[in-house]
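Content type TSV, C-alpha atoms, from the file work-v1.tsv:
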chain	number	residue	atom	x	y	z
V	1	MET	CA	25.80	-12.10	-2.58
V	2	HIS	CA	24.30	-8.62	-2.61
V	3	THR	CA	22.20	-7.61	0.39
V	4	ILE	CA	19.65	-4.88	1.10
V	5	LEU	CA	19.46	-3.65	4.69
V	6	ALA	CA	15.85	-2.59	5.37
V	7	VAL	CA	15.20	-0.31	8.35
V	8	ASP	CA	11.74	0.40	9.78
V	9	ILE	CA	11.58	3.11	12.45
V	10	GLY	CA	8.46	3.02	14.61
V	11	GLY	CA	7.44	5.03	17.62
V	12	THR	CA	8.45	2.26	20.00
V	13	GLN	CA	10.73	-0.03	18.00
V	14	ILE	CA	13.49	0.09	15.39
V	15	ARG	CA	13.74	-2.99	13.16
V	16	VAL	CA	16.57	-3.76	10.79
V	17	ALA	CA	16.49	-6.77	8.47
V	18	SER	CA	18.96	-8.04	5.87
V	19	PHE	CA	17.58	-9.41	2.61
V	20	ARG	CA	19.64	-11.09	-0.08
V	21	ARG	CA	18.77	-10.00	-3.60
V	22	GLY	CA	15.80	-11.95	-4.92
V	23	LYS	CA	14.84	-13.33	-1.49
V	24	VAL	CA	11.75	-12.41	0.52
V	25	ASP	CA	12.82	-13.97	3.81
V	26	PRO	CA	15.38	-12.00	5.83
V	27	THR	CA	18.66	-13.63	6.77
V	28	LYS	CA	18.76	-11.64	10.01
V	29	VAL	CA	16.43	-9.32	11.94
V	30	ILE	CA	17.42	-6.94	14.75
V	31	LYS	CA	14.88	-5.20	17.00
V	32	ILE	CA	15.70	-2.50	19.53
V	33	PRO	CA	13.61	0.16	21.34
V	34	THR	CA	13.39	3.49	19.57
V	35	LYS	CA	13.89	5.43	22.78
V	36	GLY	CA	17.06	5.13	24.82
V	37	PRO	CA	19.87	7.14	26.42
V	38	GLU	CA	21.63	7.69	23.07
V	39	PRO	CA	20.35	9.85	20.19
V	40	VAL	CA	18.00	7.91	17.88
V	41	ILE	CA	20.43	8.10	14.96
V	42	ASP	CA	23.05	6.35	17.09
V	43	ARG	CA	20.59	3.62	18.01
V	44	ILE	CA	19.73	3.09	14.33
V	45	SER	CA	23.43	2.87	13.50
V	46	GLU	CA	23.94	0.35	16.29
V	47	ALA	CA	21.15	-1.85	14.93
V	48	ILE	CA	22.52	-1.59	11.37
V	49	ARG	CA	25.99	-2.65	12.53
V	50	GLU	CA	24.50	-5.58	14.41
V	51	CYS	CA	22.60	-6.68	11.30
V	52	TRP	CA	25.50	-6.14	8.87
V	53	PRO	CA	26.26	-9.40	7.03
V	54	GLN	CA	29.58	-11.12	7.63
V	55	SER	CA	30.36	-12.01	4.04
V	56	ASP	CA	27.71	-10.48	1.75
V	57	GLN	CA	28.14	-7.08	0.13
V	58	VAL	CA	25.58	-4.51	1.27
V	59	GLU	CA	24.12	-3.01	-1.90
V	60	ARG	CA	22.19	-0.24	-0.15
V	61	ILE	CA	20.36	0.73	3.02
V	62	VAL	CA	16.67	1.68	2.80
V	63	ILE	CA	14.85	3.37	5.67
V	64	ALA	CA	11.08	3.55	6.25
V	65	LEU	CA	10.40	6.69	8.27
V	66	PRO	CA	7.35	8.00	10.13
V	67	GLY	CA	6.20	11.44	9.05
V	68	PRO	CA	6.81	13.59	5.96
V	69	VAL	CA	10.09	13.00	4.12
V	70	ASP	CA	11.86	14.32	1.04
V	71	PRO	CA	13.26	11.15	-0.60
V	72	TYR	CA	14.98	13.19	-3.32
V	73	HIS	CA	17.23	15.02	-0.87
V	74	GLY	CA	17.17	12.46	1.90
V	75	VAL	CA	15.59	14.68	4.55
V	76	ILE	CA	12.94	13.87	7.13
V	77	TYR	CA	11.00	17.04	7.92
V	78	ASN	CA	9.69	15.84	11.28
V	79	ALA	CA	8.89	12.57	12.99
V	80	PRO	CA	6.27	11.79	15.62
V	81	ASN	CA	7.90	10.90	18.95
V	82	ILE	CA	11.40	11.93	17.74
V	83	PRO	CA	11.53	15.66	18.53
V	84	GLU	CA	15.19	16.08	17.56
V	85	TRP	CA	14.36	15.20	13.95
V	86	ARG	CA	13.40	18.47	12.29
V	87	ASN	CA	14.67	18.81	8.70
V	88	PHE	CA	17.14	16.09	9.57
V	89	PRO	CA	19.42	14.92	6.68
V	90	ILE	CA	19.21	11.24	7.58
V	91	LYS	CA	20.35	9.94	4.17
V	92	ALA	CA	23.61	11.90	4.30
V	93	GLU	CA	24.18	10.94	7.93
V	94	ILE	CA	23.78	7.20	7.31
V	95	GLU	CA	25.90	7.34	4.15
V	96	LYS	CA	28.64	9.14	6.07
V	97	ARG	CA	28.63	6.43	8.74
V	98	PHE	CA	28.46	3.39	6.48
V	99	GLY	CA	29.68	4.44	3.04
V	100	VAL	CA	26.70	2.77	1.35
V	101	GLU	CA	23.99	4.32	-0.83
V	102	THR	CA	20.95	5.03	1.33
V	103	ARG	CA	17.36	5.60	0.27
V	104	ILE	CA	14.46	6.80	2.42
V	105	GLY	CA	10.68	6.82	2.19
V	106	ASN	CA	7.59	7.49	4.25
V	107	ASP	CA	6.68	4.30	6.09
V	108	ALA	CA	3.09	4.18	4.82
V	109	ASN	CA	4.24	4.80	1.24
V	110	LEU	CA	6.72	1.94	1.56
V	111	ALA	CA	4.05	-0.28	3.10
V	112	ALA	CA	2.03	0.34	-0.07
V	113	LEU	CA	5.02	-0.83	-2.12
V	114	GLY	CA	5.33	-3.92	0.08
V	115	GLU	CA	1.67	-4.89	-0.30
V	116	TRP	CA	1.87	-4.25	-4.05
V	117	LYS	CA	4.90	-6.45	-4.63
V	118	TYR	CA	4.57	-9.13	-1.96
V	119	GLY	CA	1.14	-8.82	-0.34
V	120	ALA	CA	-2.53	-8.35	-1.15
V	121	GLY	CA	-1.77	-6.13	-4.16
V	122	GLN	CA	0.25	-8.64	-6.17
V	123	GLY	CA	-0.71	-8.53	-9.85
V	124	PHE	CA	-2.30	-5.06	-9.67
V	125	GLN	CA	-0.79	-1.96	-11.25
V	126	ASP	CA	-3.24	0.61	-9.83
V	127	LEU	CA	-3.90	0.40	-6.11
V	128	ILE	CA	-4.39	2.45	-2.98
V	129	TYR	CA	-3.16	1.29	0.40
V	130	ILE	CA	-4.67	2.76	3.58
V	131	THR	CA	-3.42	1.96	7.05
V	132	VAL	CA	-5.97	2.73	9.78
V	133	SER	CA	-4.42	2.61	13.22
V	134	THR	CA	-3.73	5.27	15.87
V	135	GLY	CA	-3.55	7.58	12.86
V	136	ILE	CA	-4.16	7.07	9.15
V	137	GLY	CA	-1.55	6.89	6.41
V	138	GLY	CA	-1.26	5.29	3.03
V	139	GLY	CA	0.25	5.11	-0.38
V	140	ILE	CA	-0.85	5.15	-4.00
V	141	ILE	CA	0.49	3.04	-6.86
V	142	SER	CA	-0.51	4.30	-10.30
V	143	ASN	CA	0.46	2.36	-13.41
V	144	GLY	CA	3.02	0.43	-11.39
V	145	ARG	CA	4.69	3.52	-9.88
V	146	LEU	CA	4.53	4.89	-6.35
V	147	VAL	CA	3.00	8.38	-6.33
V	148	ILE	CA	5.20	10.63	-4.18
V	149	GLY	CA	4.84	14.07	-5.79
V	150	SER	CA	7.30	16.88	-6.47
V	151	ARG	CA	8.84	16.84	-2.98
V	152	GLY	CA	7.94	13.34	-1.86
V	153	LEU	CA	4.98	14.54	0.22
V	154	ALA	CA	2.10	12.99	-1.75
V	155	SER	CA	-0.39	10.40	-0.50
V	156	GLU	CA	-1.11	11.90	2.92
V	157	ILE	CA	-4.37	10.01	2.90
V	158	GLY	CA	-5.16	10.64	6.56
V	159	HIS	CA	-5.21	14.38	6.03
V	160	VAL	CA	-7.86	14.51	3.34
V	161	THR	CA	-10.71	16.71	4.60
V	162	VAL	CA	-13.97	14.77	4.86
V	163	ASP	CA	-15.85	17.19	7.14
V	164	PRO	CA	-14.70	20.85	7.26
V	165	ASN	CA	-16.62	21.32	10.52
V	166	GLY	CA	-15.44	18.05	12.00
V	167	PRO	CA	-13.22	17.33	14.99
V	168	LEU	CA	-9.71	18.66	15.42
V	169	CYS	CA	-7.02	16.45	13.91
V	170	GLY	CA	-3.70	15.81	15.61
V	171	CYS	CA	-2.09	18.03	12.95
V	172	GLY	CA	-4.15	20.99	14.19
V	173	LYS	CA	-6.67	21.18	11.33
V	174	ARG	CA	-10.32	20.21	11.39
V	175	GLY	CA	-12.25	17.41	9.78
V	176	HIS	CA	-9.43	15.29	8.41
V	177	LEU	CA	-10.07	11.61	7.77
V	178	GLU	CA	-7.65	10.70	10.56
V	179	ALA	CA	-9.59	12.78	13.09
V	180	ILE	CA	-12.76	10.78	12.42
V	181	ALA	CA	-11.89	7.30	11.19
V	182	SER	CA	-8.66	6.37	13.02
V	183	GLY	CA	-8.52	4.45	16.27
V	184	THR	CA	-7.91	7.76	18.03
V	185	GLY	CA	-10.86	9.34	16.22
V	186	ILE	CA	-13.18	6.48	17.17
V	187	THR	CA	-12.10	6.62	20.80
V	188	ASN	CA	-12.37	10.42	21.05
V	189	PHE	CA	-15.88	10.33	19.61
V	190	VAL	CA	-17.06	7.72	22.12
V	191	LYS	CA	-15.52	9.65	25.03
V	192	GLU	CA	-17.20	12.84	23.86
V	193	GLN	CA	-20.59	11.14	23.59
V	194	LEU	CA	-20.22	9.56	27.02
V	195	SER	CA	-19.40	12.96	28.49
V	196	LEU	CA	-22.68	14.21	27.01
V	197	GLY	CA	-24.56	11.45	28.82
V	198	VAL	CA	-25.23	9.11	25.89
V	199	ASP	CA	-26.30	5.71	27.17
V	200	SER	CA	-23.77	2.92	26.66
V	201	SER	CA	-22.32	-0.20	28.23
V	202	LEU	CA	-19.01	1.64	27.98
V	203	SER	CA	-17.88	4.06	30.65
V	204	ALA	CA	-15.88	7.27	30.47
V	205	SER	CA	-13.76	5.89	33.31
V	206	ASP	CA	-12.73	2.88	31.19
V	207	ASP	CA	-9.35	2.82	29.46
V	208	LEU	CA	-11.04	2.92	26.07
V	209	ASN	CA	-9.51	2.06	22.70
V	210	ALA	CA	-10.80	1.05	19.29
V	211	LYS	CA	-10.67	-2.68	20.05
V	212	ILE	CA	-12.74	-2.34	23.24
V	213	ILE	CA	-15.23	-0.19	21.34
V	214	ALA	CA	-15.39	-2.70	18.47
V	215	ASP	CA	-16.03	-5.55	20.92
V	216	ALA	CA	-18.84	-3.52	22.47
V	217	ALA	CA	-20.31	-2.89	19.01
V	218	ILE	CA	-20.29	-6.61	18.23
V	219	ALA	CA	-22.04	-7.18	21.57
V	220	GLY	CA	-24.80	-4.78	20.50
V	221	ASP	CA	-23.82	-1.48	22.11
V	222	ARG	CA	-25.51	1.29	20.11
V	223	LEU	CA	-22.94	4.01	20.77
V	224	ALA	CA	-20.06	1.71	19.89
V	225	SER	CA	-21.85	0.61	16.72
V	226	HIS	CA	-22.45	4.23	15.78
V	227	ALA	CA	-18.74	5.03	16.29
V	228	ILE	CA	-17.66	2.19	13.98
V	229	GLU	CA	-20.29	3.15	11.39
V	230	ARG	CA	-19.08	6.76	11.56
V	231	SER	CA	-15.50	5.65	10.93
V	232	GLY	CA	-16.51	3.45	7.99
V	233	ASN	CA	-18.69	6.21	6.58
V	234	ALA	CA	-15.75	8.63	6.55
V	235	LEU	CA	-13.48	6.04	4.97
V	236	GLY	CA	-16.08	5.26	2.30
V	237	ASN	CA	-16.46	8.95	1.46
V	238	ALA	CA	-12.70	9.31	1.14
V	239	ILE	CA	-12.39	6.17	-0.98
V	240	ALA	CA	-15.04	7.55	-3.34
V	241	SER	CA	-12.88	10.64	-3.86
V	242	PHE	CA	-9.80	8.48	-4.37
V	243	ALA	CA	-11.70	6.40	-6.93
V	244	HIS	CA	-12.65	9.56	-8.81
V	245	LEU	CA	-9.04	10.78	-8.76
V	246	PHE	CA	-7.04	7.62	-9.38
V	247	ASN	CA	-9.42	4.92	-10.65
V	248	PRO	CA	-7.67	2.11	-8.71
V	249	LYS	CA	-8.34	-1.58	-9.28
V	250	ILE	CA	-7.86	-2.50	-5.62
V	251	ILE	CA	-8.07	-0.74	-2.25
V	252	ILE	CA	-6.02	-2.42	0.50
V	253	ILE	CA	-6.81	-1.53	4.10
V	254	GLY	CA	-4.37	-2.39	6.89
V	255	GLY	CA	-3.66	-1.30	10.45
V	256	GLY	CA	-5.17	-2.36	13.73
V	257	VAL	CA	-8.59	-0.79	13.09
V	258	SER	CA	-8.99	-2.93	9.95
V	259	LEU	CA	-9.16	-5.95	12.26
V	260	ILE	CA	-12.67	-4.83	13.27
V	261	GLY	CA	-13.71	-6.61	10.09
V	262	ASP	CA	-17.26	-6.78	8.76
V	263	PRO	CA	-18.84	-3.95	10.81
V	264	LEU	CA	-16.22	-1.51	9.50
V	265	PHE	CA	-16.03	-2.84	5.95
V	266	GLY	CA	-19.81	-2.99	5.65
V	267	ALA	CA	-20.00	0.71	6.57
V	268	ILE	CA	-17.24	1.50	4.07
V	269	HIS	CA	-19.12	-0.19	1.23
V	270	ARG	CA	-22.42	1.50	2.09
V	271	SER	CA	-20.83	4.93	2.22
V	272	LEU	CA	-18.83	4.34	-0.96
V	273	ASN	CA	-21.94	3.32	-2.86
V	274	ARG	CA	-23.74	6.47	-1.69
V	275	SER	CA	-20.86	8.81	-2.53
V	276	ILE	CA	-19.56	7.52	-5.85
V	277	MET	CA	-20.42	9.66	-8.89
V	278	ASP	CA	-21.07	6.69	-11.15
V	279	ALA	CA	-20.94	2.94	-10.54
V	280	ILE	CA	-18.40	2.58	-13.36
V	281	TYR	CA	-15.75	3.98	-11.00
V	282	ILE	CA	-16.09	1.00	-8.68
V	283	LYS	CA	-16.96	-1.65	-11.24
V	284	ASP	CA	-14.79	-4.67	-10.36
V	285	LEU	CA	-13.05	-2.65	-7.61
V	286	THR	CA	-11.65	-4.93	-4.90
V	287	ILE	CA	-11.57	-3.70	-1.30
V	288	THR	CA	-9.61	-6.06	0.89
V	289	ARG	CA	-7.51	-6.40	4.02
V	290	ALA	CA	-3.73	-6.05	3.93
V	291	SER	CA	-1.77	-9.28	4.26
V	292	LEU	CA	1.75	-8.32	5.38
V	293	GLY	CA	0.89	-6.87	8.79
V	294	ASP	CA	3.80	-5.15	10.55
V	295	ASN	CA	6.23	-6.37	7.89
V	296	ALA	CA	4.73	-4.22	5.12
V	297	GLY	CA	7.17	-1.35	5.71
V	298	LEU	CA	10.22	-3.61	5.74
V	299	MET	CA	9.10	-5.38	2.58
V	300	GLY	CA	8.42	-2.05	0.90
V	301	ALA	CA	11.93	-0.94	1.81
V	302	VAL	CA	13.25	-4.03	0.00
V	303	VAL	CA	11.18	-3.11	-3.06
V	304	LEU	CA	12.52	0.44	-3.03
V	305	GLY	CA	16.04	-0.91	-2.64
V	306	HIS	CA	15.72	-2.88	-5.86
V	307	LEU	CA	14.05	-0.17	-7.97
V	308	PRO	CA	16.10	1.78	-10.54
V	309	PRO	CA	16.94	5.34	-9.41
V	310	ASP	CA	14.27	6.90	-11.65
V	311	ARG	CA	11.49	4.91	-10.01

Just give me the structure as structure tokens.
Amino acid sequence: MHTILAVDIGGTQIRVASFRRGKVDPTKVIKIPTKGPEPVIDRISEAIRECWPQSDQVERIVIALPGPVDPYHGVIYNAPNIPEWRNFPIKAEIEKRFGVETRIGNDANLAALGEWKYGAGQGFQDLIYITVSTGIGGGIISNGRLVIGSRGLASEIGHVTVDPNGPLCGCGKRGHLEAIASGTGITNFVKEQLSLGVDSSLSASDDLNAKIIADAAIAGDRLASHAIERSGNALGNAIASFAHLFNPKIIIIGGGVSLIGDPLFGAIHRSLNRSIMDAIYIKDLTITRASLGDNAGLMGAVVLGHLPPDR
């Protein structure tokens, strides 16, 4: 049997899973902390060895990576929380260690592939996947192909500018979607408003996060409700632009912030309807929640592992 080894590298955890060709359930899954006394590449190699099948032939290794990557040359330019990875040739390093063809991709791009093939996007050939969590990432499938651009850097959805005079993004630029609509953006806005004396059941001394703020919004807190509406408004504006550019059939939204549910999605729809150039762009457009959860990146790695080289 031929096996794909899928690797998903997160800020806190490395996961490696073995998938036999044609199967969607892994035969083995290994999880280890990302941080440890050894270099991260050694920890990844350790997890791969532990997951290596006893009798099956490993067809290829596919790695979902955080941050910008060049899948053509197998380089990760930089990775959040892994400072030693700057222009790191991870493909060549893994191939040297294991002697097996290795492919890499941005984790959010691969999550889009996973949702397209195995999740909420099944049956659609034109879709956009947005993950809204601590930050915002995503991926675009157009005519059944993942859009990655000339150097593999396309689909940085979180860094679309929605307000040029808006708050500072983690990347150092102002007004990006991530700075406003992510869990971090929601929390920063509430903290800022509290520091200005805005009345709320929340307190600046609380250990605030998007879930606590969402719960307060559901309970009727006006500041919390405004923060969620602001996030949804920014997402709706961005989705309008994406609709104008790519004319998708479905928008899939994942990540922890998507769990807020109706208050967020209602704001998204209101903003989208205000911002869209013509209703024809969103005629029959589906906006829905992702279905694969944390497994989207692993499943997308499996999809990439099975694609022909030119895809």

Atom CA of V:Asp284 to atom CA of V:Ala154, distance in Å rounded to a single decimal:
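Distance reported for this atom pair: 25.9 Å.
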
I'd like the neighbourhood of V:Pro71 as a tab-separated table (two decimals) with C-alpha atoms, in the frame of the given file, where a residue qualifies if any of its atoms comes within 12 Å (using only C-alpha atoms), though same-chain residues fewer than 5 positions away should be ignored.
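Full text of result.tsv as output:
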chain	number	residue	atom	x	y	z
V	62	VAL	CA	16.67	1.68	2.80
V	63	ILE	CA	14.85	3.37	5.67
V	64	ALA	CA	11.08	3.55	6.25
V	65	LEU	CA	10.40	6.69	8.27
V	76	ILE	CA	12.94	13.87	7.13
V	77	TYR	CA	11.00	17.04	7.92
V	88	PHE	CA	17.14	16.09	9.57
V	89	PRO	CA	19.42	14.92	6.68
V	90	ILE	CA	19.21	11.24	7.58
V	91	LYS	CA	20.35	9.94	4.17
V	92	ALA	CA	23.61	11.90	4.30
V	102	THR	CA	20.95	5.03	1.33
V	103	ARG	CA	17.36	5.60	0.27
V	104	ILE	CA	14.46	6.80	2.42
V	105	GLY	CA	10.68	6.82	2.19
V	106	ASN	CA	7.59	7.49	4.25
V	107	ASP	CA	6.68	4.30	6.09
V	109	ASN	CA	4.24	4.80	1.24
V	110	LEU	CA	6.72	1.94	1.56
V	148	ILE	CA	5.20	10.63	-4.18
V	149	GLY	CA	4.84	14.07	-5.79
V	150	SER	CA	7.30	16.88	-6.47
V	151	ARG	CA	8.84	16.84	-2.98
V	152	GLY	CA	7.94	13.34	-1.86
V	153	LEU	CA	4.98	14.54	0.22
V	154	ALA	CA	2.10	12.99	-1.75
V	304	LEU	CA	12.52	0.44	-3.03
V	309	PRO	CA	16.94	5.34	-9.41
V	310	ASP	CA	14.27	6.90	-11.65
V	311	ARG	CA	11.49	4.91	-10.01

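The interatomic distance for the pair atom CA of V:Ala227 and atom CA of V:Glu115 works out to 28.1 Å.
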
Enclose the full set of atoms of stretch 112-125 of chain V listed in the file within a box whose edges lie along x, y and z, apply 3 Å of padding to each of the six sides, and report centre and edge lengths in Å to one decimal as lines of an AutoDock Vina configuration file.
center_x = 1.4
center_y = -4.4
center_z = -5.6
size_x = 13.9
size_y = 15.5
size_z = 17.3

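Note that the spacing between atom CA of V:Ala210 and atom CA of V:Ala267 amounts to 15.7 Å.
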
For stretch 166-174 of chain V, find every residue with an atom within 12 Å (counting all atoms listed in the file), except residues of its own chain fewer than 5 positions away, and show them as a PyMOL selection string.
chain V and resi 67+80+134-136+156+158-161+179-182+184-186+188-189+192+230+234

Could you give me, as an MDAnalysis selection string, the residues within 6 Å of V:Ile130, counting only C-alpha atoms and dropping anything in the same chain fewer than 2 positions from it?
chainID V and resid 137:138 253

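Of the listed residues (V:Thr288, V:Ser275, V:Ser258, V:Ser195), V:Ser275 comes nearest to V:Asn233; the distances count all atoms listed in the file.
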
If we count all atoms listed in the file, what is near V:Gly232 at a cut-off of 9 Å, once residues fewer than 2 positions away on the same chain are taken out, given as a count of residues only?
18

Looking at all atoms listed in the file, which of V:Gly144, V:Gly36, V:Pro26, V:Gly139 is the one that sits closest to V:Gln125?
V:Gly144

What's the 12 Å shell around V:Asp278, counting all atoms listed in the file, without same-chain residues fewer than 2 positions away, as a PDB file with C-alpha atoms, keeping the file's coordinate frame?
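Writing the result to out33.pdb gives the following:
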ATOM      1  CA  ALA V 240     -15.040   7.550  -3.340  1.00  0.00           C
ATOM      2  CA  SER V 241     -12.880  10.640  -3.860  1.00  0.00           C
ATOM      3  CA  ALA V 243     -11.700   6.400  -6.930  1.00  0.00           C
ATOM      4  CA  HIS V 244     -12.650   9.560  -8.810  1.00  0.00           C
ATOM      5  CA  ASN V 247      -9.420   4.920 -10.650  1.00  0.00           C
ATOM      6  CA  LEU V 272     -18.830   4.340  -0.960  1.00  0.00           C
ATOM      7  CA  ASN V 273     -21.940   3.320  -2.860  1.00  0.00           C
ATOM      8  CA  ARG V 274     -23.740   6.470  -1.690  1.00  0.00           C
ATOM      9  CA  SER V 275     -20.860   8.810  -2.530  1.00  0.00           C
ATOM     10  CA  ILE V 276     -19.560   7.520  -5.850  1.00  0.00           C
ATOM     11  CA  ILE V 280     -18.400   2.580 -13.360  1.00  0.00           C
ATOM     12  CA  TYR V 281     -15.750   3.980 -11.000  1.00  0.00           C
ATOM     13  CA  ILE V 282     -16.090   1.000  -8.680  1.00  0.00           C
ATOM     14  CA  LYS V 283     -16.960  -1.650 -11.240  1.00  0.00           C
TER      15      LYS V 283
END

Which of these residues is nearest to V:Asp70, using all atoms listed in the file: V:Asn165, V:Asn87, V:Ser200, V:Ser18?
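Closest residue, counting all atoms listed in the file: V:Asn87.
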
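Ranking V:Met299, V:Ala111, V:Ile61, V:Ile128 by their shortest atom-to-atom distance to V:Asp25, with only C-alpha atoms included, puts V:Met299 first.
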
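For the residues V:Ile157, V:Tyr129, V:Val75, V:Cys51, ranking by smallest atom-to-atom distance to V:Arg289 using only C-alpha atoms places V:Tyr129 first.
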
Selected residue, from V:Ile30, V:Ile218, V:Val303, V:Ala224, that lies nearest to V:Gly261 when counting all atoms listed in the file:
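Result for the nearest residue to V:Gly261: V:Ile218.
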
Restrict the output to stretch 242-260 of chain V and C-alpha atoms, then write it as a PDB file, in the first residue's frame.
ATOM      1  CA  PHE V 242     -13.386  38.810  -2.897  1.00  0.00           C
ATOM      2  CA  ALA V 243     -16.739  38.288  -4.622  1.00  0.00           C
ATOM      3  CA  HIS V 244     -15.897  41.032  -7.114  1.00  0.00           C
ATOM      4  CA  LEU V 245     -12.478  39.494  -7.785  1.00  0.00           C
ATOM      5  CA  PHE V 246     -13.177  35.762  -7.811  1.00  0.00           C
ATOM      6  CA  ASN V 247     -16.946  35.255  -8.084  1.00  0.00           C
ATOM      7  CA  PRO V 248     -16.965  32.244  -5.714  1.00  0.00           C
ATOM      8  CA  LYS V 249     -19.940  29.933  -5.255  1.00  0.00           C
ATOM      9  CA  ILE V 250     -19.259  29.351  -1.561  1.00  0.00           C
ATOM     10  CA  ILE V 251     -17.443  31.150   1.260  1.00  0.00           C
ATOM     11  CA  ILE V 252     -16.327  28.856   4.098  1.00  0.00           C
ATOM     12  CA  ILE V 253     -15.432  30.435   7.429  1.00  0.00           C
ATOM     13  CA  GLY V 254     -13.498  28.479  10.051  1.00  0.00           C
ATOM     14  CA  GLY V 255     -11.389  29.196  13.116  1.00  0.00           C
ATOM     15  CA  GLY V 256     -12.346  29.814  16.706  1.00  0.00           C
ATOM     16  CA  VAL V 257     -14.005  33.187  16.079  1.00  0.00           C
ATOM     17  CA  SER V 258     -16.446  31.544  13.643  1.00  0.00           C
ATOM     18  CA  LEU V 259     -17.903  29.708  16.648  1.00  0.00           C
ATOM     19  CA  ILE V 260     -19.500  33.009  17.728  1.00  0.00           C
TER      20      ILE V 260
END
